[in-house]
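Novice: This is input29.cif (mmCIF, C-alpha atoms and all ligand atoms).
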```cif
data_coords
#
loop_
_atom_site.label_atom_id
_atom_site.label_comp_id
_atom_site.auth_asym_id
_atom_site.auth_seq_id
_atom_site.Cartn_x
_atom_site.Cartn_y
_atom_site.Cartn_z
CA MET G 1191 -1.42 -13.23 17.72
CA PRO G 1192 1.69 -11.03 18.24
CA PHE G 1193 1.61 -7.45 17.04
CA ASN G 1194 3.80 -7.31 13.93
CA TYR G 1195 3.84 -6.53 10.20
CA ARG G 1196 0.93 -8.90 9.62
CA SER G 1197 -1.29 -6.99 12.04
CA LYS G 1198 -4.12 -4.73 10.99
CA ILE G 1199 -6.53 -2.64 13.03
CA HIS G 1200 -10.25 -3.27 13.24
CA GLY G 1201 -13.30 -3.03 15.49
CA THR G 1202 -15.26 -0.44 17.43
CA TYR G 1203 -12.91 1.51 19.60
CA THR G 1204 -13.70 4.01 22.36
CA PRO G 1205 -10.57 5.95 23.34
CA PRO G 1206 -9.85 6.74 27.01
CA GLY G 1207 -10.80 10.13 28.46
CA ASP G 1208 -8.90 13.16 27.22
CA LYS G 1209 -5.85 14.00 29.31
CA SER G 1210 -5.92 17.80 28.87
CA ILE G 1211 -9.61 17.95 29.72
CA SER G 1212 -9.20 15.57 32.68
CA HIS G 1213 -6.59 17.84 34.32
CA ARG G 1214 -8.71 20.92 33.77
CA ILE G 1215 -12.02 19.51 34.97
CA LEU G 1216 -10.40 18.38 38.24
CA ILE G 1217 -8.86 21.81 38.78
CA LEU G 1218 -11.94 23.82 37.88
CA THR G 1219 -14.49 21.69 39.73
CA GLY G 1220 -12.04 21.90 42.63
CA GLN G 1221 -12.69 25.66 42.63
CA ALA G 1222 -16.48 25.42 42.27
CA VAL G 1223 -18.58 25.38 45.41
CA GLY G 1224 -21.06 22.47 45.48
CA ARG G 1225 -21.14 18.97 44.07
CA SER G 1226 -19.68 18.23 40.62
CA GLU G 1227 -19.58 14.81 38.98
CA ILE G 1228 -16.98 13.73 36.44
CA SER G 1229 -17.46 10.68 34.24
CA ASN G 1230 -14.85 9.03 32.03
CA LEU G 1231 -11.97 10.81 33.76
CA LEU G 1232 -8.63 9.54 32.43
CA GLU G 1233 -7.12 7.39 35.17
CA GLY G 1234 -3.55 7.81 33.92
CA GLU G 1235 -0.77 8.70 36.33
CA ASP G 1236 -0.48 12.35 35.19
CA VAL G 1237 -4.13 13.06 35.91
CA MET G 1238 -4.07 11.14 39.18
CA ASN G 1239 -1.21 13.38 40.32
CA THR G 1240 -3.33 16.44 39.57
CA LEU G 1241 -6.17 14.83 41.53
CA LYS G 1242 -3.88 14.29 44.55
CA ALA G 1243 -2.56 17.85 44.23
CA MET G 1244 -6.08 19.30 44.27
CA LYS G 1245 -6.88 17.27 47.38
CA LEU G 1246 -3.72 18.51 49.10
CA ILE G 1247 -4.77 22.13 48.54
CA GLY G 1248 -8.30 21.65 49.76
CA ALA G 1249 -10.69 20.07 47.23
CA SER G 1250 -12.70 17.02 48.26
CA ILE G 1251 -12.56 14.37 45.52
CA LYS G 1252 -13.94 10.85 45.84
CA LYS G 1253 -14.62 8.04 43.43
CA GLU G 1254 -18.19 6.80 43.74
CA ARG G 1255 -18.85 3.80 41.53
CA ARG G 1256 -17.49 4.92 38.15
CA LYS G 1257 -17.72 8.67 38.72
CA TYR G 1258 -15.53 11.16 40.51
CA VAL G 1259 -17.44 13.44 42.85
CA VAL G 1260 -15.81 16.78 43.61
CA TYR G 1261 -16.70 19.40 46.21
CA GLY G 1262 -14.62 22.47 45.48
CA ILE G 1263 -13.51 25.42 47.53
CA PRO G 1264 -13.93 28.96 46.16
CA PRO G 1265 -11.05 30.84 44.48
CA GLY G 1266 -8.71 32.30 47.07
CA GLY G 1267 -9.52 29.61 49.58
CA LEU G 1268 -6.76 27.09 48.84
CA PHE G 1269 -5.33 25.29 51.88
CA GLN G 1270 -1.69 25.32 52.86
CA PRO G 1271 -0.45 21.80 51.97
CA SER G 1272 1.52 19.92 54.59
CA LYS G 1273 4.16 18.55 52.18
CA SER G 1274 5.69 18.97 48.71
CA ILE G 1275 3.31 18.31 45.83
CA ASP G 1276 4.60 15.69 43.37
CA PHE G 1277 3.46 15.95 39.74
CA GLY G 1278 5.42 12.94 38.50
CA ASN G 1279 5.87 13.23 34.73
CA SER G 1280 3.25 15.90 34.11
CA GLY G 1281 4.12 19.29 32.65
CA THR G 1282 0.44 20.15 32.39
CA GLY G 1283 -0.18 19.37 36.07
CA ILE G 1284 2.74 21.36 37.47
CA ARG G 1285 2.29 24.37 35.17
CA LEU G 1286 -1.47 24.71 35.54
CA ILE G 1287 -1.44 24.28 39.30
CA SER G 1288 1.45 26.78 39.64
CA GLY G 1289 -0.90 29.26 38.02
CA LEU G 1290 -3.78 28.37 40.29
CA ILE G 1291 -1.68 28.68 43.45
CA SER G 1292 0.10 31.89 42.40
CA SER G 1293 -2.90 34.02 43.37
CA ASN G 1294 -3.50 32.29 46.71
CA ASN G 1295 -1.76 33.22 49.93
CA ILE G 1296 -0.02 29.85 50.45
CA GLU G 1297 3.52 28.57 50.10
CA VAL G 1298 4.29 25.36 48.20
CA ASN G 1299 7.10 23.22 46.84
CA LEU G 1300 6.17 21.60 43.51
CA ILE G 1301 8.28 18.66 42.38
CA GLY G 1302 8.38 16.05 39.62
CA ASP G 1303 10.26 13.07 38.21
CA ARG G 1304 13.60 13.21 36.39
CA SER G 1305 12.08 14.24 33.08
CA LEU G 1306 9.87 16.95 34.60
CA SER G 1307 12.79 18.24 36.69
CA ASN G 1308 14.52 19.18 33.43
CA ARG G 1309 11.64 20.91 31.69
CA PRO G 1310 11.50 24.70 31.33
CA MET G 1311 9.27 26.48 33.84
CA ARG G 1312 10.37 30.09 33.36
CA ARG G 1313 7.96 30.38 30.43
CA VAL G 1314 5.16 30.15 33.04
CA THR G 1315 6.72 31.62 36.15
CA GLU G 1316 7.93 34.82 34.44
CA HIS G 1317 4.25 35.73 34.01
CA LEU G 1318 3.21 34.62 37.50
CA SER G 1319 5.96 36.70 39.15
CA LYS G 1320 4.45 39.82 37.60
CA ILE G 1321 1.16 39.38 39.46
CA GLY G 1322 3.03 39.37 42.76
CA ALA G 1323 3.92 35.71 43.39
CA PHE G 1324 7.42 34.88 44.68
CA ILE G 1325 8.98 32.02 42.75
CA ASN G 1326 12.24 30.16 42.91
CA LEU G 1327 13.39 27.56 40.36
CA LYS G 1328 16.27 25.12 40.23
CA LYS G 1329 19.01 26.88 38.23
CA ASP G 1330 16.42 29.61 37.61
CA LEU G 1331 14.79 27.31 35.06
CA TYR G 1332 13.50 23.96 36.28
CA PRO G 1333 11.42 22.31 39.03
CA PRO G 1334 11.31 22.11 42.01
CA ILE G 1335 9.16 25.24 41.91
CA LYS G 1336 9.16 26.99 45.25
CA LEU G 1337 6.19 29.28 45.10
CA LYS G 1338 4.70 31.77 47.53
CA GLY G 1339 1.43 32.98 46.13
CA THR G 1340 -0.14 36.39 46.66
CA GLY G 1341 -3.58 37.04 48.06
CA SER G 1342 -3.76 40.32 46.17
CA ALA G 1343 -2.77 39.48 42.59
CA ILE G 1344 -2.40 42.39 40.17
CA PRO G 1345 -4.74 42.22 37.14
CA LEU G 1346 -2.53 42.49 34.07
CA THR G 1347 -2.53 42.16 30.30
CA PHE G 1348 -0.36 39.27 29.08
CA ASN G 1349 1.12 38.75 25.65
CA ILE G 1350 2.23 35.11 25.24
CA LEU G 1351 4.88 34.65 22.58
CA ILE G 1352 5.17 30.84 22.66
CA PRO G 1353 2.19 28.86 21.34
CA SER G 1354 1.45 26.96 24.57
CA ALA G 1355 -1.88 26.11 26.17
CA GLN G 1356 -0.09 25.38 29.42
CA ILE G 1357 1.31 28.92 29.72
CA LYS G 1358 -2.07 30.42 28.83
CA SER G 1359 -3.99 28.16 31.20
CA ALA G 1360 -1.62 28.87 34.10
CA ILE G 1361 -2.30 32.59 33.68
CA MET G 1362 -6.04 31.99 33.33
CA LEU G 1363 -6.11 29.95 36.53
CA SER G 1364 -4.26 32.71 38.38
CA ALA G 1365 -7.04 35.05 37.20
CA LEU G 1366 -9.66 33.09 39.15
CA ASN G 1367 -8.51 34.90 42.29
CA THR G 1368 -7.46 38.21 40.74
CA ASN G 1369 -9.73 41.19 41.28
CA GLY G 1370 -10.26 43.20 38.09
CA THR G 1371 -9.86 42.29 34.44
CA VAL G 1372 -7.12 39.92 33.27
CA LYS G 1373 -6.39 40.00 29.54
CA VAL G 1374 -4.41 37.46 27.53
CA LYS G 1375 -3.23 37.60 23.94
CA GLU G 1376 -1.90 34.32 22.56
CA PHE G 1377 -1.75 32.15 19.45
CA LYS G 1378 -5.16 30.81 18.49
CA SER G 1379 -3.69 27.46 17.49
CA THR G 1380 -3.32 26.31 21.13
CA ARG G 1381 -5.94 24.13 22.79
CA ASP G 1382 -8.81 26.14 24.30
CA HIS G 1383 -10.34 23.69 26.78
CA THR G 1384 -9.84 25.97 29.80
CA GLU G 1385 -11.81 28.70 28.02
CA ASN G 1386 -14.59 26.31 26.99
CA MET G 1387 -14.92 24.82 30.46
CA LEU G 1388 -15.01 28.22 32.17
CA LYS G 1389 -17.83 29.26 29.82
CA SER G 1390 -19.74 26.06 30.61
CA MET G 1391 -19.34 26.77 34.33
CA GLY G 1392 -20.89 30.24 34.01
CA TYR G 1393 -17.68 32.24 34.50
CA ASN G 1394 -17.26 35.76 33.16
CA ILE G 1395 -14.92 35.13 30.22
CA LYS G 1396 -14.87 36.62 26.74
CA VAL G 1397 -12.88 35.09 23.91
CA LYS G 1398 -12.23 36.64 20.50
CA GLU G 1399 -10.05 35.40 17.65
CA ASN G 1400 -8.57 36.83 14.50
CA THR G 1401 -6.67 34.85 11.87
CA ARG G 1402 -3.63 34.30 14.10
CA HIS G 1403 -4.35 35.32 17.68
CA ARG G 1404 -6.83 34.71 20.45
CA PHE G 1405 -7.82 37.44 22.94
CA ILE G 1406 -9.16 36.38 26.32
CA GLU G 1407 -10.72 38.62 28.96
CA MET G 1408 -11.60 37.32 32.41
CA LYS G 1409 -13.34 39.03 35.31
CA ASN G 1410 -13.79 37.31 38.66
CA ASN G 1411 -17.18 38.85 39.40
CA LYS G 1412 -19.25 35.75 38.60
CA LYS G 1413 -19.15 32.45 40.44
CA LEU G 1414 -17.74 29.28 38.99
CA LYS G 1415 -20.74 26.91 39.02
CA SER G 1416 -20.41 23.22 39.76
CA ILE G 1417 -20.96 20.94 36.75
CA ASN G 1418 -21.62 17.34 35.72
CA TYR G 1419 -19.10 16.60 33.00
CA THR G 1420 -18.33 13.58 30.85
CA VAL G 1421 -14.77 13.68 29.53
CA PRO G 1422 -14.67 12.99 25.76
CA GLY G 1423 -12.23 10.49 24.23
CA ASP G 1424 -8.62 11.61 23.86
CA PRO G 1425 -7.63 12.29 20.22
CA SER G 1426 -3.94 12.13 21.21
CA SER G 1427 -4.39 8.56 22.48
CA ALA G 1428 -6.71 7.57 19.64
CA ALA G 1429 -4.08 8.90 17.20
CA PHE G 1430 -2.05 5.69 17.60
CA PHE G 1431 -4.97 3.53 16.47
CA ILE G 1432 -6.25 5.96 13.84
CA THR G 1433 -2.82 6.29 12.25
CA ALA G 1434 -2.26 2.53 12.36
CA ALA G 1435 -5.66 1.98 10.71
CA CYS G 1436 -4.80 4.45 7.90
CA LEU G 1437 -1.44 2.75 7.41
CA LYS G 1438 -2.18 -0.95 7.26
CA PRO G 1439 -4.05 -2.44 4.30
CA GLY G 1440 -7.30 -4.10 5.29
CA SER G 1441 -7.85 -2.07 8.45
CA LYS G 1442 -11.33 -0.87 9.35
CA LEU G 1443 -11.98 1.03 12.57
CA LEU G 1444 -14.95 2.84 14.08
CA VAL G 1445 -13.83 5.38 16.69
CA LYS G 1446 -16.55 6.42 19.11
CA ASN G 1447 -16.87 9.57 21.16
CA ILE G 1448 -13.63 11.34 20.29
CA LEU G 1449 -12.98 14.97 21.23
CA PHE G 1450 -13.17 16.89 17.96
CA ASN G 1451 -11.84 20.31 18.90
CA LYS G 1452 -10.01 21.89 15.93
CA THR G 1453 -7.00 22.73 18.13
CA ARG G 1454 -6.56 18.98 18.64
CA THR G 1455 -7.48 17.35 15.34
CA GLY G 1456 -4.62 18.61 13.18
CA PHE G 1457 -3.35 15.05 12.79
CA ILE G 1458 -6.68 13.93 11.28
CA LYS G 1459 -6.38 16.68 8.67
CA THR G 1460 -2.79 15.58 8.05
CA LEU G 1461 -3.69 11.90 7.66
CA LYS G 1462 -6.52 12.82 5.29
CA ALA G 1463 -4.15 14.96 3.21
CA MET G 1464 -1.80 11.94 3.08
CA GLY G 1465 -4.64 9.89 1.60
CA GLY G 1466 -6.13 8.40 4.78
CA ASN G 1467 -9.78 7.50 4.40
CA ILE G 1468 -11.33 8.99 7.54
CA LYS G 1469 -15.02 9.96 7.68
CA ILE G 1470 -16.35 12.16 10.45
CA VAL G 1471 -19.86 11.25 11.56
CA GLY G 1472 -22.31 12.55 14.14
CA LYS G 1473 -20.44 15.71 15.12
CA ARG G 1474 -22.09 17.17 18.24
CA LYS G 1475 -21.34 19.83 20.85
CA ILE G 1476 -21.39 19.14 24.59
CA HIS G 1477 -20.22 21.70 27.17
CA ASN G 1478 -18.71 23.85 24.40
CA GLU G 1479 -16.57 21.01 23.03
CA PHE G 1480 -17.16 19.21 19.74
CA ILE G 1481 -17.29 15.43 19.89
CA ALA G 1482 -17.59 13.03 16.93
CA ASP G 1483 -17.31 9.44 15.75
CA LEU G 1484 -14.85 8.49 13.01
CA LYS G 1485 -14.94 5.77 10.39
CA ILE G 1486 -11.61 4.67 9.00
CA ASP G 1487 -11.66 2.31 6.06
CA GLN G 1488 -8.15 1.79 4.70
CA LYS G 1489 -8.21 1.92 0.89
CA LYS G 1490 -5.13 3.70 -0.44
CA LYS G 1491 -1.49 3.73 0.53
CA LEU G 1492 -0.38 6.99 2.10
CA LYS G 1493 1.62 9.70 0.35
CA SER G 1494 4.11 12.14 1.86
CA ILE G 1495 3.26 15.54 3.36
CA THR G 1496 4.84 18.85 4.35
CA LEU G 1497 3.75 20.51 7.61
CA ASN G 1498 4.69 24.14 8.28
CA SER G 1499 5.48 25.53 11.74
CA ASP G 1500 2.03 27.10 11.95
CA ASP G 1501 0.47 23.63 11.57
CA ILE G 1502 2.37 22.13 14.51
CA PRO G 1503 0.51 23.33 17.65
CA GLN G 1504 -2.74 21.62 16.54
CA GLN G 1505 -0.87 18.29 16.37
CA VAL G 1506 2.06 18.90 18.68
CA ASP G 1507 1.58 15.62 20.58
CA GLU G 1508 0.94 13.58 17.43
CA ILE G 1509 4.19 14.31 15.57
CA PRO G 1510 5.81 11.08 16.91
CA ILE G 1511 3.06 8.85 15.48
CA LEU G 1512 2.81 10.93 12.29
CA SER G 1513 6.52 10.31 11.79
CA ILE G 1514 5.72 6.59 11.64
CA ALA G 1515 3.03 7.29 9.03
CA ALA G 1516 5.51 9.41 7.04
CA SER G 1517 8.06 6.56 7.01
CA PHE G 1518 5.58 4.29 5.26
CA ALA G 1519 4.26 6.97 2.86
CA ASN G 1520 5.79 7.37 -0.57
CA GLY G 1521 8.13 10.34 -0.85
CA LEU G 1522 9.80 12.94 1.34
CA SER G 1523 7.79 14.30 4.26
CA VAL G 1524 8.94 17.47 6.00
CA PHE G 1525 7.75 18.56 9.45
CA LYS G 1526 8.88 22.15 9.95
CA GLY G 1527 9.37 24.12 13.15
CA LEU G 1528 9.49 21.36 15.77
CA LYS G 1529 11.27 23.45 18.41
CA GLU G 1530 8.59 22.80 21.04
CA LEU G 1531 9.13 19.05 20.64
CA THR G 1532 12.59 19.45 22.12
CA VAL G 1533 11.11 20.42 25.53
CA LYS G 1534 8.43 17.75 25.91
CA GLU G 1535 8.67 14.66 28.17
CA SER G 1536 11.89 13.99 26.24
CA ASN G 1537 13.64 15.73 23.37
CA ARG G 1538 11.12 14.19 20.99
CA LEU G 1539 12.64 15.64 17.85
CA LEU G 1540 15.92 13.90 18.57
CA LEU G 1541 14.37 10.62 19.74
CA ILE G 1542 12.07 10.38 16.72
CA HIS G 1543 15.04 10.93 14.42
CA GLU G 1544 17.34 8.45 16.20
CA ASN G 1545 14.68 5.75 16.40
CA LEU G 1546 13.64 6.16 12.77
CA ILE G 1547 17.23 5.46 11.80
CA LYS G 1548 17.31 2.44 14.14
CA ILE G 1549 14.29 0.88 12.42
CA GLY G 1550 15.74 1.52 8.95
CA VAL G 1551 14.23 4.84 7.85
CA LYS G 1552 16.28 7.69 6.40
CA SER G 1553 15.74 10.76 8.56
CA VAL G 1554 17.50 14.13 8.68
CA ILE G 1555 17.21 17.03 11.13
CA ASN G 1556 17.95 20.54 9.91
CA LYS G 1557 17.66 23.05 12.79
CA PHE G 1558 14.13 22.26 14.01
CA ASP G 1559 12.86 20.73 10.76
CA LEU G 1560 12.56 16.97 10.32
CA TYR G 1561 12.93 15.27 6.93
CA ILE G 1562 11.60 11.73 6.62
CA TYR G 1563 12.35 9.80 3.43
CA GLY G 1564 9.36 7.49 3.26
CA ASN G 1565 8.56 4.49 1.10
CA GLN G 1566 6.12 1.61 1.30
CA ASN G 1567 8.72 -1.09 1.84
CA LEU G 1568 8.72 -2.88 5.16
CA LYS G 1569 11.51 -1.47 7.33
CA ASN G 1570 14.14 -3.75 8.79
CA GLY G 1571 13.08 -3.20 12.41
CA ALA G 1572 14.84 -5.07 15.22
CA GLY G 1573 15.98 -1.66 16.53
CA ILE G 1574 16.55 -1.18 20.23
CA ILE G 1575 14.19 1.72 20.79
CA LYS G 1576 15.42 4.60 22.93
CA HIS G 1577 12.36 6.06 24.62
CA GLU G 1578 13.68 7.62 27.85
CA ASN G 1579 10.33 6.72 29.42
CA ASP G 1580 8.48 9.08 27.10
CA HIS G 1581 5.04 7.49 26.68
CA ARG G 1582 4.32 8.87 23.22
CA ILE G 1583 7.71 7.87 21.81
CA LEU G 1584 7.23 4.37 23.18
CA MET G 1585 3.70 3.94 21.80
CA SER G 1586 4.68 5.35 18.39
CA PHE G 1587 7.58 2.95 17.96
CA PHE G 1588 5.47 0.08 19.22
CA ILE G 1589 3.00 0.87 16.40
CA ALA G 1590 6.04 0.91 14.07
CA ASN G 1591 6.23 -2.88 14.50
CA MET G 1592 3.39 -2.93 11.95
CA ILE G 1593 5.73 -1.65 9.25
CA CYS G 1594 8.87 -3.58 10.21
CA LYS G 1595 10.06 -7.01 9.09
CA LYS G 1596 11.26 -7.76 12.60
CA ASN G 1597 9.71 -6.43 15.78
CA ASN G 1598 11.62 -3.68 17.55
CA ILE G 1599 13.06 -4.20 20.99
CA ILE G 1600 11.36 -2.00 23.55
CA LYS G 1601 12.52 -2.37 27.12
CA ASP G 1602 10.40 -1.26 30.07
CA LYS G 1603 6.99 -0.38 28.70
CA THR G 1604 5.59 0.91 32.00
CA CYS G 1605 5.61 4.61 31.03
CA VAL G 1606 2.39 4.19 29.02
CA LYS G 1607 0.68 4.58 32.39
CA THR G 1608 1.23 8.33 32.31
CA SER G 1609 -1.34 8.90 29.57
CA TYR G 1610 -2.72 5.54 28.39
CA PRO G 1611 -2.68 2.67 30.92
CA MET G 1612 -4.94 0.55 28.65
CA PHE G 1613 -2.72 0.90 25.55
CA PHE G 1614 -1.52 -2.71 25.33
CA LYS G 1615 -4.94 -4.09 26.24
CA HIS G 1616 -6.43 -2.03 23.40
CA ILE G 1617 -3.69 -3.19 21.01
CA SER G 1618 -4.66 -6.80 21.65
CA GLN G 1619 -8.37 -5.97 21.40
CA PHE G 1620 -8.24 -4.03 18.15
CA SER G 1621 -5.54 -5.76 16.13
CA ASN G 1622 -5.18 -9.13 14.46
C1 LIG N 1 -1.17 20.54 26.96
C2 LIG N 1 -0.55 21.45 26.14
C3 LIG N 1 0.57 21.10 25.26
C4 LIG N 1 0.67 19.60 25.04
C5 LIG N 1 0.54 18.83 26.32
C6 LIG N 1 -0.80 19.12 26.97
C7 LIG N 1 -2.28 21.00 27.82
O1 LIG N 1 1.77 21.55 25.84
O2 LIG N 1 1.88 19.26 24.40
O3 LIG N 1 0.65 17.45 26.10
O4 LIG N 1 -3.05 20.16 28.32
O5 LIG N 1 -2.39 22.22 28.01
P1 LIG N 1 2.31 23.07 25.63
O6 LIG N 1 1.40 24.00 26.32
O7 LIG N 1 3.68 23.07 26.26
O8 LIG N 1 2.35 23.27 24.15
#
```
What is this structure when it is put down as structure tokens?
Specialist:
Amino acid sequence: MPFNYRSKIHGTYTPPGDKSISHRILILTGQAVGRSEISNLLEGEDVMNTLKAMKLIGASIKKERRKYVVYGIPPGGLFQPSKSIDFGNSGTGIRLISGLISSNNIEVNLIGDRSLSNRPMRRVTEHLSKIGAFINLKKDLYPPIKLKGTGSAIPLTFNILIPSAQIKSAIMLSALNTNGTVKVKEFKSTRDHTENMLKSMGYNIKVKENTRHRFIEMKNNKKLKSINYTVPGDPSSAAFFITAACLKPGSKLLVKNILFNKTRTGFIKTLKAMGGNIKIVGKRKIHNEFIADLKIDQKKKLKSITLNSDDIPQQVDEIPILSIAASFANGLSVFKGLKELTVKESNRLLLIHENLIKIGVKSVINKFDLYIYGNQNLKNGAGIIKHENDHRILMSFFIANMICKKNNIIKDKTCVKTSYPMFFKHISQFSN
């Protein structure tokens, strides 16, 4: 049956491995001497580019049956790669590995696709220059990143003024080969998987939080131990199915094994506040990360919501799909402070707005705030969706077919491979 306004979501669904955690576990096991095993690694293109990058700078990574086996090399021991390292579409890959390399005495050229070649890198490299790395950017802003790392990085105290886990993690990875104490102050709303993984691998890291900030202290006087790690399900991928299940009458979905870290589950809180019936069961902690199962049993129609700028980091990747929920919820929803969305794989704020209008939803942008005038009528649909190969925009507006009289026209759906190669297979498995 085609996926359209008659569709609902049902079944027992296990989301693919988490993308943020997949990048990090490859990088950190790649710096741990000895054998590590990774299960349920996300095999999306972004993560596979990080895998290739780690191999080019010295880690041994092989797939053995369904697991990835990694033999790392110790911090400071990265190899000089023989060619440019291509990160494709991945901001996380290029930014985190810039950090890792910045404190190693090697010289690299880091490149990416058209979208990545127009994303801001100064936010990371301005910090890495201070430890002694030499960095050159296209127009002083964008990739390619030409980077000459330093073998004697200066231990510094960093104050990060943009809520970004990528900036923080790049600095933390540079600290792996920095003698002395590296301190970071940042916003506590950003994802903390690098911190949690380092703790699980026996590293000397201390993390404190107050109401707004997180304070991290790292010393490189303890070894990074190898680890056997199972990557939990990706909430950002599951968000498409969870939101669809909350939206469409008659849906009933059991979500198994989803990462339940509070820096990632903002959208679940949002959907619940909109009236979504989501129950969290069997919350457990593995390797310092919470994991849970979710039961979604659609009962009520959704109502509108206002999100403030402080709420955004915990659901920064889910705003596109939440905008679909808001279009079908009664009343005006306001998402405030979406500046960071303008520098993602596309200008997501603009694309969400333009595509909402194309499908028949009233939407207004005021500075970086988005106003969505929702109602429970089916939208006209039949819009030609502009996705600029941004995977999350594409998947969100594909889900929008559920609330449109006519299906939208989406050309070239291949970009789902960056984060969710199984998306369409899962759509056909869990909808009818
Ligand atoms: C990510 C951090 C976020 C997020 C991205 C993944 C990470 O980016 O949007 O999809 O894995 O660290 P920012 O650090 O730019 O907020």
Novice: For a test of reading the model, state the distance in Å between atom CA of Glu1376 of chain G and atom CA of Pro1353 of chain G, rounded to one decimal.
Specialist: 6.9 Å
Novice: Can you measure atom CA of Ile1263 of chain G to atom CA of Gly1220 of chain G for me? One decimal in Å is fine.
Specialist: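 Atom-to-atom, atom CA of Ile1263 of chain G to atom CA of Gly1220 of chain G, that is 6.2 Å.
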Novice: Of the candidates G:Asn1349, G:Asp1501, G:Tyr1195, G:Leu1540, which one gets nearest to Asn1598 of chain G if we count all atoms listed in the file?
Specialist: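 The answer is G:Tyr1195, which sits nearest to Asn1598 of chain G.
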Novice: Can you tell me which residues surround Glu1233 of chain G at a distance of at most 12 Å, considering all atoms listed in the file, apart from same-chain residues fewer than 5 positions away, and format the answer as a compact mmCIF listing (two decimals) with C-alpha atoms, in the coordinates of the input?
Specialist:
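The resulting file, out-v7.txt, is shown below:
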```
# COMPACT_ATOMS: atom_id res chain seq x y z
CA PRO G 1206 -9.85 6.74 27.01
CA GLY G 1207 -10.80 10.13 28.46
CA ASP G 1208 -8.90 13.16 27.22
CA LYS G 1209 -5.85 14.00 29.31
CA SER G 1212 -9.20 15.57 32.68
CA HIS G 1213 -6.59 17.84 34.32
CA LEU G 1216 -10.40 18.38 38.24
CA ILE G 1228 -16.98 13.73 36.44
CA MET G 1238 -4.07 11.14 39.18
CA ASN G 1239 -1.21 13.38 40.32
CA THR G 1240 -3.33 16.44 39.57
CA LEU G 1241 -6.17 14.83 41.53
CA LYS G 1253 -14.62 8.04 43.43
CA ARG G 1256 -17.49 4.92 38.15
CA LYS G 1257 -17.72 8.67 38.72
CA TYR G 1258 -15.53 11.16 40.51
CA VAL G 1421 -14.77 13.68 29.53
CA VAL G 1606 2.39 4.19 29.02
CA LYS G 1607 0.68 4.58 32.39
CA THR G 1608 1.23 8.33 32.31
CA SER G 1609 -1.34 8.90 29.57
CA TYR G 1610 -2.72 5.54 28.39
CA PRO G 1611 -2.68 2.67 30.92
CA MET G 1612 -4.94 0.55 28.65
```
Novice: Taking into account only C-alpha atoms and all ligand atoms, which residue in the set G:Ile1215, G:Val1260, G:Ala1355, G:Met1244 is nearest to ligand LIG 1 (chain N)?
Specialist: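 Checking each candidate against ligand LIG 1 (chain N), we get G:Ala1355 as the closest.
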